[in-house]
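Undergrad: This one is data_5.txt, compact mmCIF, C-alpha atoms.
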# COMPACT_ATOMS: atom_id res chain seq x y z
CA MET A 1 -5.11 -6.93 -9.43
CA SER A 2 -5.00 -3.83 -7.25
CA VAL A 3 -5.59 -4.13 -3.52
CA GLY A 4 -7.14 -1.56 -1.18
CA ALA A 5 -6.32 -0.92 2.46
CA GLU A 6 -8.96 -3.26 3.92
CA GLU A 7 -7.62 -6.31 2.10
CA TRP A 8 -3.97 -5.21 2.39
CA PHE A 9 -4.02 -4.81 6.14
CA GLY A 10 -6.79 -7.34 6.83
CA ASP A 11 -6.25 -10.59 8.63
CA GLU A 12 -8.68 -12.68 6.58
CA GLU A 13 -7.32 -15.92 5.18
CA ASP A 14 -7.40 -14.62 1.62
CA GLY A 15 -6.13 -11.13 2.58
CA TRP A 16 -2.65 -9.69 2.39
CA GLY A 17 -2.18 -8.75 6.05
CA GLU A 18 0.67 -11.20 6.62
CA VAL A 19 2.53 -9.83 3.59
CA ALA A 20 1.85 -6.21 4.63
CA SER A 21 3.17 -6.88 8.13
CA ALA A 22 6.27 -8.75 6.89
CA LEU A 23 6.99 -6.04 4.29
CA ASN A 24 6.81 -3.29 6.89
CA ALA A 25 9.10 -5.24 9.21
CA GLU A 26 11.63 -5.62 6.38
CA LEU A 27 11.35 -1.94 5.44
CA ARG A 28 12.03 -0.95 9.05
CA ARG A 29 14.99 -3.35 9.15
CA ARG A 30 16.38 -1.48 6.11
CA SER A 31 15.79 1.86 7.88
CA LEU A 32 12.98 2.76 5.48
CA PRO A 33 9.54 4.04 6.47
CA PRO A 34 6.73 1.47 6.56
CA TYR A 35 4.22 1.29 3.72
CA GLU A 36 1.02 2.35 5.46
CA ASP A 37 -0.60 4.89 3.13
CA VAL A 38 -2.73 2.45 1.10
CA PRO A 39 -5.95 3.91 -0.35
CA PRO A 40 -9.25 2.37 0.76
CA GLU A 41 -11.32 0.08 -1.38
CA THR A 42 -14.39 1.83 -2.65
CA ASP A 43 -16.88 1.31 -5.42
CA PHE A 44 -15.60 3.00 -8.55
CA ALA A 45 -17.44 3.82 -11.70
CA SER A 46 -16.48 1.61 -14.62
CA GLY A 47 -13.80 3.27 -16.71
CA SER A 48 -12.49 5.34 -13.80
CA GLY A 49 -9.11 3.58 -13.76
CA GLN A 50 -9.29 3.23 -9.98
CA ALA A 51 -9.29 -0.58 -9.83
CA PHE A 52 -6.88 -2.75 -11.83
CA GLU A 53 -7.54 -6.39 -12.65
CA GLU A 54 -6.39 -8.54 -15.53
CA LYS A 55 -5.93 -12.25 -16.21
CA LEU A 56 -2.64 -13.74 -17.42
CA THR A 57 -4.29 -16.00 -19.98
CA PRO A 58 -2.34 -15.31 -23.20
CA SER A 59 0.91 -17.17 -23.77
CA MET A 60 4.00 -15.52 -22.25
CA ALA A 61 6.51 -17.23 -24.55
CA GLY A 62 7.01 -14.27 -26.87
CA PHE A 63 7.06 -11.82 -23.97
CA LEU A 64 9.79 -13.78 -22.18
CA ALA A 65 11.80 -13.89 -25.42
CA LEU A 66 11.36 -10.11 -25.75
CA CYS A 67 12.64 -9.69 -22.20
CA GLN A 68 15.72 -11.79 -23.00
CA THR A 69 16.43 -9.63 -26.03
CA HIS A 70 16.00 -6.21 -24.43
CA LEU A 71 16.61 -6.67 -20.70
CA SER A 72 19.34 -8.15 -18.53
CA GLN A 73 18.57 -11.27 -16.52
CA GLU A 74 18.25 -9.15 -13.37
CA GLU A 75 15.92 -6.68 -15.08
CA SER A 76 13.76 -9.53 -16.40
CA GLU A 77 13.47 -10.98 -12.91
CA THR A 78 12.44 -7.58 -11.54
CA LEU A 79 9.85 -7.05 -14.26
CA CYS A 80 8.40 -10.56 -14.36
CA GLY A 81 9.08 -12.09 -10.97
CA TRP A 82 7.08 -10.00 -8.54
CA THR A 83 4.15 -11.29 -6.57
CA VAL A 84 3.46 -7.86 -5.07
CA LEU A 85 4.16 -4.52 -6.72
CA VAL A 86 4.23 -1.50 -4.41
CA PRO A 87 4.49 2.22 -5.26
CA LEU A 88 7.70 2.53 -3.25
CA SER A 89 11.16 2.94 -4.66
CA LEU A 90 13.14 -0.13 -3.62
CA ASP A 91 16.86 -0.53 -4.28
CA GLU A 92 16.27 -4.26 -4.67
CA GLU A 93 13.40 -6.68 -4.54
CA ILE A 94 12.27 -7.87 -1.13
CA TRP A 95 11.80 -11.60 -0.66
CA LEU A 96 9.41 -12.52 2.12
CA PRO A 97 9.20 -16.09 3.50
CA ILE A 98 5.46 -16.26 2.82
CA ASP A 99 3.90 -18.80 0.46
CA SER A 100 2.58 -16.96 -2.58
CA GLY A 101 0.60 -19.85 -4.00
CA TYR A 102 3.14 -20.30 -6.82
CA CYS A 103 6.26 -20.68 -4.71
CA GLU A 104 7.32 -20.74 -1.09
CA SER A 105 8.16 -17.04 -0.98
CA THR A 106 6.68 -13.71 -2.01
CA MET A 107 8.71 -11.24 -4.05
CA VAL A 108 7.91 -7.56 -3.58
CA ALA A 109 9.13 -5.14 -6.25
CA GLY A 110 8.95 -1.37 -6.46
CA ALA A 111 6.75 0.01 -9.23
CA PRO A 112 9.24 2.86 -9.83
CA GLN A 113 11.83 0.19 -10.74
CA VAL A 114 9.42 -1.90 -12.84
CA LEU A 115 8.00 1.04 -14.82
CA PRO A 116 11.13 1.96 -16.84
CA LEU A 117 11.66 -1.70 -17.75
CA ALA A 118 8.11 -1.99 -19.04
CA GLU A 119 8.48 1.34 -20.85
CA LYS A 120 11.63 0.04 -22.54
CA LEU A 121 9.72 -2.97 -23.87
CA ALA A 122 6.76 -0.81 -24.92
CA ALA A 123 9.13 1.37 -26.94
CA ALA A 124 10.85 -1.68 -28.43
CA ILE A 125 7.62 -3.05 -29.87
CA GLY A 126 5.99 0.32 -30.57
CA LEU A 127 2.99 -0.26 -28.31
CA PRO A 128 0.29 1.95 -29.87
CA PRO A 129 -1.05 4.99 -28.00
CA GLU A 130 -4.57 3.58 -28.37
CA THR A 131 -3.76 0.95 -25.73
CA PRO A 132 -5.96 1.80 -22.71
CA ALA A 133 -3.98 3.96 -20.29
CA THR A 134 -6.19 3.54 -17.22
CA CYS A 135 -7.63 0.11 -16.85
CA ASP A 136 -10.36 -1.40 -14.75
CA ASN A 137 -11.63 -4.96 -14.70
CA LEU A 138 -10.20 -6.75 -17.77
CA ASP A 139 -10.05 -3.58 -19.90
CA LEU A 140 -6.71 -4.57 -21.43
CA SER A 141 -7.87 -8.13 -22.10
CA MET A 142 -11.02 -6.88 -23.83
CA TRP A 143 -9.10 -4.27 -25.84
CA PHE A 144 -6.59 -6.84 -27.06
CA MET A 145 -9.38 -9.25 -28.02
CA ASP A 146 -11.30 -6.65 -30.01
CA GLN A 147 -9.82 -3.26 -30.89
CA ALA A 148 -6.17 -4.37 -31.00
CA THR A 149 -6.96 -7.05 -33.54
CA GLU A 150 -8.69 -4.50 -35.76
CA LEU A 151 -5.94 -1.90 -35.27
CA ALA A 152 -3.21 -4.48 -36.03
CA ALA A 153 -4.71 -5.03 -39.47
CA THR A 154 -4.13 -1.41 -40.45
CA ARG A 155 -1.28 -0.28 -38.21
CA THR A 156 1.41 -2.88 -38.52
CA GLY A 157 4.58 -2.95 -36.51
CA LEU A 158 6.37 -5.16 -34.03
CA TRP A 159 3.48 -4.85 -31.56
CA SER A 160 1.03 -6.25 -34.12
CA THR A 161 3.07 -9.34 -35.02
CA ASP A 162 2.40 -10.99 -31.63
CA LEU A 163 -0.59 -9.61 -29.75
CA ASP A 164 0.03 -11.96 -26.81
CA THR A 165 3.44 -10.37 -26.32
CA ALA A 166 2.00 -6.87 -26.74
CA PHE A 167 -0.67 -7.71 -24.14
CA HIS A 168 1.94 -8.70 -21.55
CA VAL A 169 4.00 -5.58 -22.26
CA ALA A 170 0.89 -3.45 -21.75
CA LEU A 171 -0.08 -5.44 -18.65
CA PHE A 172 3.22 -4.89 -16.82
CA LEU A 173 3.35 -1.25 -17.98
CA ARG A 174 -0.18 -0.46 -16.81
CA ALA A 175 0.25 -2.38 -13.53
CA ALA A 176 3.29 -0.28 -12.61
CA GLN A 177 1.60 2.94 -13.68
CA HIS A 178 -1.54 2.06 -11.72
CA SER A 179 0.42 1.25 -8.56
CA ILE A 180 2.22 4.59 -8.72
CA ARG A 181 -0.83 6.64 -9.72
CA ARG A 182 -3.15 5.17 -7.06
CA GLY A 183 -0.47 4.53 -4.42
CA CYS A 184 -1.73 0.98 -3.98
CA PRO A 185 -0.26 -2.49 -4.17
CA VAL A 186 -0.88 -4.64 -7.21
CA VAL A 187 -0.73 -8.38 -6.64
CA CYS A 188 -0.24 -11.29 -9.00
CA ILE A 189 -2.29 -14.26 -7.85
For this file, write the structure as structure tokens.

TA:
Amino acid sequence: MSVGAEEWFGDEEDGWGEVASALNAELRRRSLPPYEDVPPETDFASGSGQAFEEKLTPSMAGFLALCQTHLSQEESETLCGWTVLVPLSLDEEIWLPIDSGYCESTMVAGAPQVLPLAEKLAAAIGLPPETPATCDNLDLSMWFMDQATELAATRTGLWSTDLDTAFHVALFLRAAQHSIRRGCPVVCI
């Protein structure tokens, strides 16, 4: 889900302030400018594409197999391993010693590095252009539950043989695009 400035820089227990502070310290250590230009959280009209949130409920088995086929191990880790995606170009992922809820550290990846990997997978499966380009709350999930199923019946291809895999390709693609377009972090929680 996308995160606005209040939650990113906030010090609430469920906020991302500790990660934001640690990331900026690491960026400074690498002689890079800090990441401070995060857009505010505001109420957006549904369908505006200004807030991104999806659930990782479908099986990832086919998606991980697709990654193994089309990406190197390092590329797969960049695409699939992030906890925080930022719109900054990073030469390599940044590991922060902050518990992410899934493991004892938080991996920050640059959306400009994730995007071409997701685009490569989208091309490999022929992700259809009808896939929502700007997504709000669960738009991809809803599209894959309804319209994708109908479209798959008439427009066959690799994407239509495993809709769970196609969902994950679209999810990582749209997350990277959203982060870059809005200039905001996207977090996997």

Undergrad: Would you mind listing what lies within 10 Å of A:Met145 as a PDB file with C-alpha atoms, keeping the file's coordinate frame, with only C-alpha atoms counted and same-chain residues fewer than 4 positions away left out?

TA:
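Full text of part-v1.pdb as output:
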ATOM      1  CA  ASP A 139     -10.050  -3.580 -19.900  1.00  0.00           C
ATOM      2  CA  LEU A 140      -6.710  -4.570 -21.430  1.00  0.00           C
ATOM      3  CA  SER A 141      -7.870  -8.130 -22.100  1.00  0.00           C
ATOM      4  CA  THR A 149      -6.960  -7.050 -33.540  1.00  0.00           C
ATOM      5  CA  GLU A 150      -8.690  -4.500 -35.760  1.00  0.00           C
ATOM      6  CA  LEU A 163      -0.590  -9.610 -29.750  1.00  0.00           C
ATOM      7  CA  ASP A 164       0.030 -11.960 -26.810  1.00  0.00           C
ATOM      8  CA  PHE A 167      -0.670  -7.710 -24.140  1.00  0.00           C
TER       9      PHE A 167
END

Undergrad: Out of A:Ser89, A:Thr165, A:Ser76, A:Thr83, which residue has the shortest atom-to-atom distance to A:Val108 when counting only C-alpha atoms?

TA: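 For A:Val108, the nearest of the candidates is A:Thr83.
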
Undergrad: Need the shell around stretch 29-37 of chain A: protein/DNA/RNA residues with any atom at most 9 Å away, counting all atoms listed in the file. Skip same-chain ones fewer than 2 positions apart. Format as a PDB file with C-alpha atoms, keeping the file's coordinate frame?

TA:
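Now in out_10.pdb:
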ATOM      1  CA  ALA A   5      -6.320  -0.920   2.460  1.00  0.00           C
ATOM      2  CA  PHE A   9      -4.020  -4.810   6.140  1.00  0.00           C
ATOM      3  CA  ALA A  20       1.850  -6.210   4.630  1.00  0.00           C
ATOM      4  CA  LEU A  23       6.990  -6.040   4.290  1.00  0.00           C
ATOM      5  CA  ASN A  24       6.810  -3.290   6.890  1.00  0.00           C
ATOM      6  CA  ALA A  25       9.100  -5.240   9.210  1.00  0.00           C
ATOM      7  CA  GLU A  26      11.630  -5.620   6.380  1.00  0.00           C
ATOM      8  CA  LEU A  27      11.350  -1.940   5.440  1.00  0.00           C
ATOM      9  CA  PRO A  39      -5.950   3.910  -0.350  1.00  0.00           C
ATOM     10  CA  VAL A  86       4.230  -1.500  -4.410  1.00  0.00           C
ATOM     11  CA  LEU A  88       7.700   2.530  -3.250  1.00  0.00           C
ATOM     12  CA  GLY A 183      -0.470   4.530  -4.420  1.00  0.00           C
ATOM     13  CA  CYS A 184      -1.730   0.980  -3.980  1.00  0.00           C
TER      14      CYS A 184
END

Undergrad: Closest to A:Gly110 among A:Trp159, A:Trp8, A:Trp95, A:Trp82, using only C-alpha atoms?

TA: A:Trp82

Undergrad: Between A:Gln147, A:Thr78, A:Thr131, A:Asn137, single out the one closest to A:Ala118, counting only C-alpha atoms.

TA: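 Using only C-alpha atoms, the shortest distance to A:Ala118 belongs to A:Thr78.
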
Undergrad: Please determine, counting all atoms listed in the file, which residue among A:Leu173, A:Ala166, A:Leu158, A:Leu117 has the shortest atom-to-atom distance to A:Pro58.

TA: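 Checking each of A:Leu173, A:Ala166, A:Leu158, A:Leu117 against A:Pro58, counting all atoms listed in the file, the winner is A:Ala166.
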
Undergrad: What's the 9 Å shell around A:Thr106, counting all atoms listed in the file, without same-chain residues fewer than 5 positions away, as a ChimeraX atom specification?

TA: /A:19,82-84,94-101

Undergrad: Add whatever atoms are absent from stretch 6-20 of chain A to reach N, CA and C atoms, and provide the output as a PDB file, in the coordinates of the input.

TA:
ATOM      1  N   GLU A   6      -8.276  -2.245   3.120  1.00  0.00           N
ATOM      2  CA  GLU A   6      -8.960  -3.260   3.920  1.00  0.00           C
ATOM      3  C   GLU A   6      -8.377  -4.648   3.686  1.00  0.00           C
ATOM      4  N   GLU A   7      -8.185  -4.995   2.422  1.00  0.00           N
ATOM      5  CA  GLU A   7      -7.620  -6.310   2.100  1.00  0.00           C
ATOM      6  C   GLU A   7      -6.123  -6.360   2.390  1.00  0.00           C
ATOM      7  N   TRP A   8      -5.412  -5.247   2.175  1.00  0.00           N
ATOM      8  CA  TRP A   8      -3.970  -5.210   2.390  1.00  0.00           C
ATOM      9  C   TRP A   8      -3.626  -5.408   3.861  1.00  0.00           C
ATOM     10  N   PHE A   9      -4.324  -4.725   4.712  1.00  0.00           N
ATOM     11  CA  PHE A   9      -4.020  -4.810   6.140  1.00  0.00           C
ATOM     12  C   PHE A   9      -4.885  -5.819   6.877  1.00  0.00           C
ATOM     13  N   GLY A  10      -5.860  -6.407   6.196  1.00  0.00           N
ATOM     14  CA  GLY A  10      -6.790  -7.340   6.830  1.00  0.00           C
ATOM     15  C   GLY A  10      -6.125  -8.633   7.251  1.00  0.00           C
ATOM     16  N   ASP A  11      -6.791  -9.320   8.146  1.00  0.00           N
ATOM     17  CA  ASP A  11      -6.250 -10.590   8.630  1.00  0.00           C
ATOM     18  C   ASP A  11      -7.071 -11.784   8.155  1.00  0.00           C
ATOM     19  N   GLU A  12      -7.921 -11.572   7.144  1.00  0.00           N
ATOM     20  CA  GLU A  12      -8.680 -12.680   6.580  1.00  0.00           C
ATOM     21  C   GLU A  12      -7.719 -13.654   5.894  1.00  0.00           C
ATOM     22  N   GLU A  13      -8.164 -14.876   5.772  1.00  0.00           N
ATOM     23  CA  GLU A  13      -7.320 -15.920   5.180  1.00  0.00           C
ATOM     24  C   GLU A  13      -6.878 -15.570   3.765  1.00  0.00           C
ATOM     25  N   ASP A  14      -7.758 -14.954   2.993  1.00  0.00           N
ATOM     26  CA  ASP A  14      -7.400 -14.620   1.620  1.00  0.00           C
ATOM     27  C   ASP A  14      -6.899 -13.178   1.477  1.00  0.00           C
ATOM     28  N   GLY A  15      -6.640 -12.501   2.601  1.00  0.00           N
ATOM     29  CA  GLY A  15      -6.130 -11.130   2.580  1.00  0.00           C
ATOM     30  C   GLY A  15      -4.614 -11.098   2.503  1.00  0.00           C
ATOM     31  N   TRP A  16      -4.082  -9.903   2.547  1.00  0.00           N
ATOM     32  CA  TRP A  16      -2.650  -9.690   2.390  1.00  0.00           C
ATOM     33  C   TRP A  16      -1.996  -9.169   3.658  1.00  0.00           C
ATOM     34  N   GLY A  17      -2.685  -9.280   4.793  1.00  0.00           N
ATOM     35  CA  GLY A  17      -2.180  -8.750   6.050  1.00  0.00           C
ATOM     36  C   GLY A  17      -0.828  -9.308   6.464  1.00  0.00           C
ATOM     37  N   GLU A  18      -0.616 -10.591   6.261  1.00  0.00           N
ATOM     38  CA  GLU A  18       0.670 -11.200   6.620  1.00  0.00           C
ATOM     39  C   GLU A  18       1.797 -10.610   5.780  1.00  0.00           C
ATOM     40  N   VAL A  19       1.529 -10.418   4.481  1.00  0.00           N
ATOM     41  CA  VAL A  19       2.530  -9.830   3.590  1.00  0.00           C
ATOM     42  C   VAL A  19       2.781  -8.375   3.977  1.00  0.00           C
ATOM     43  N   ALA A  20       1.711  -7.614   4.246  1.00  0.00           N
ATOM     44  CA  ALA A  20       1.850  -6.210   4.630  1.00  0.00           C
ATOM     45  C   ALA A  20       2.697  -6.074   5.890  1.00  0.00           C
TER      46      ALA A  20
END
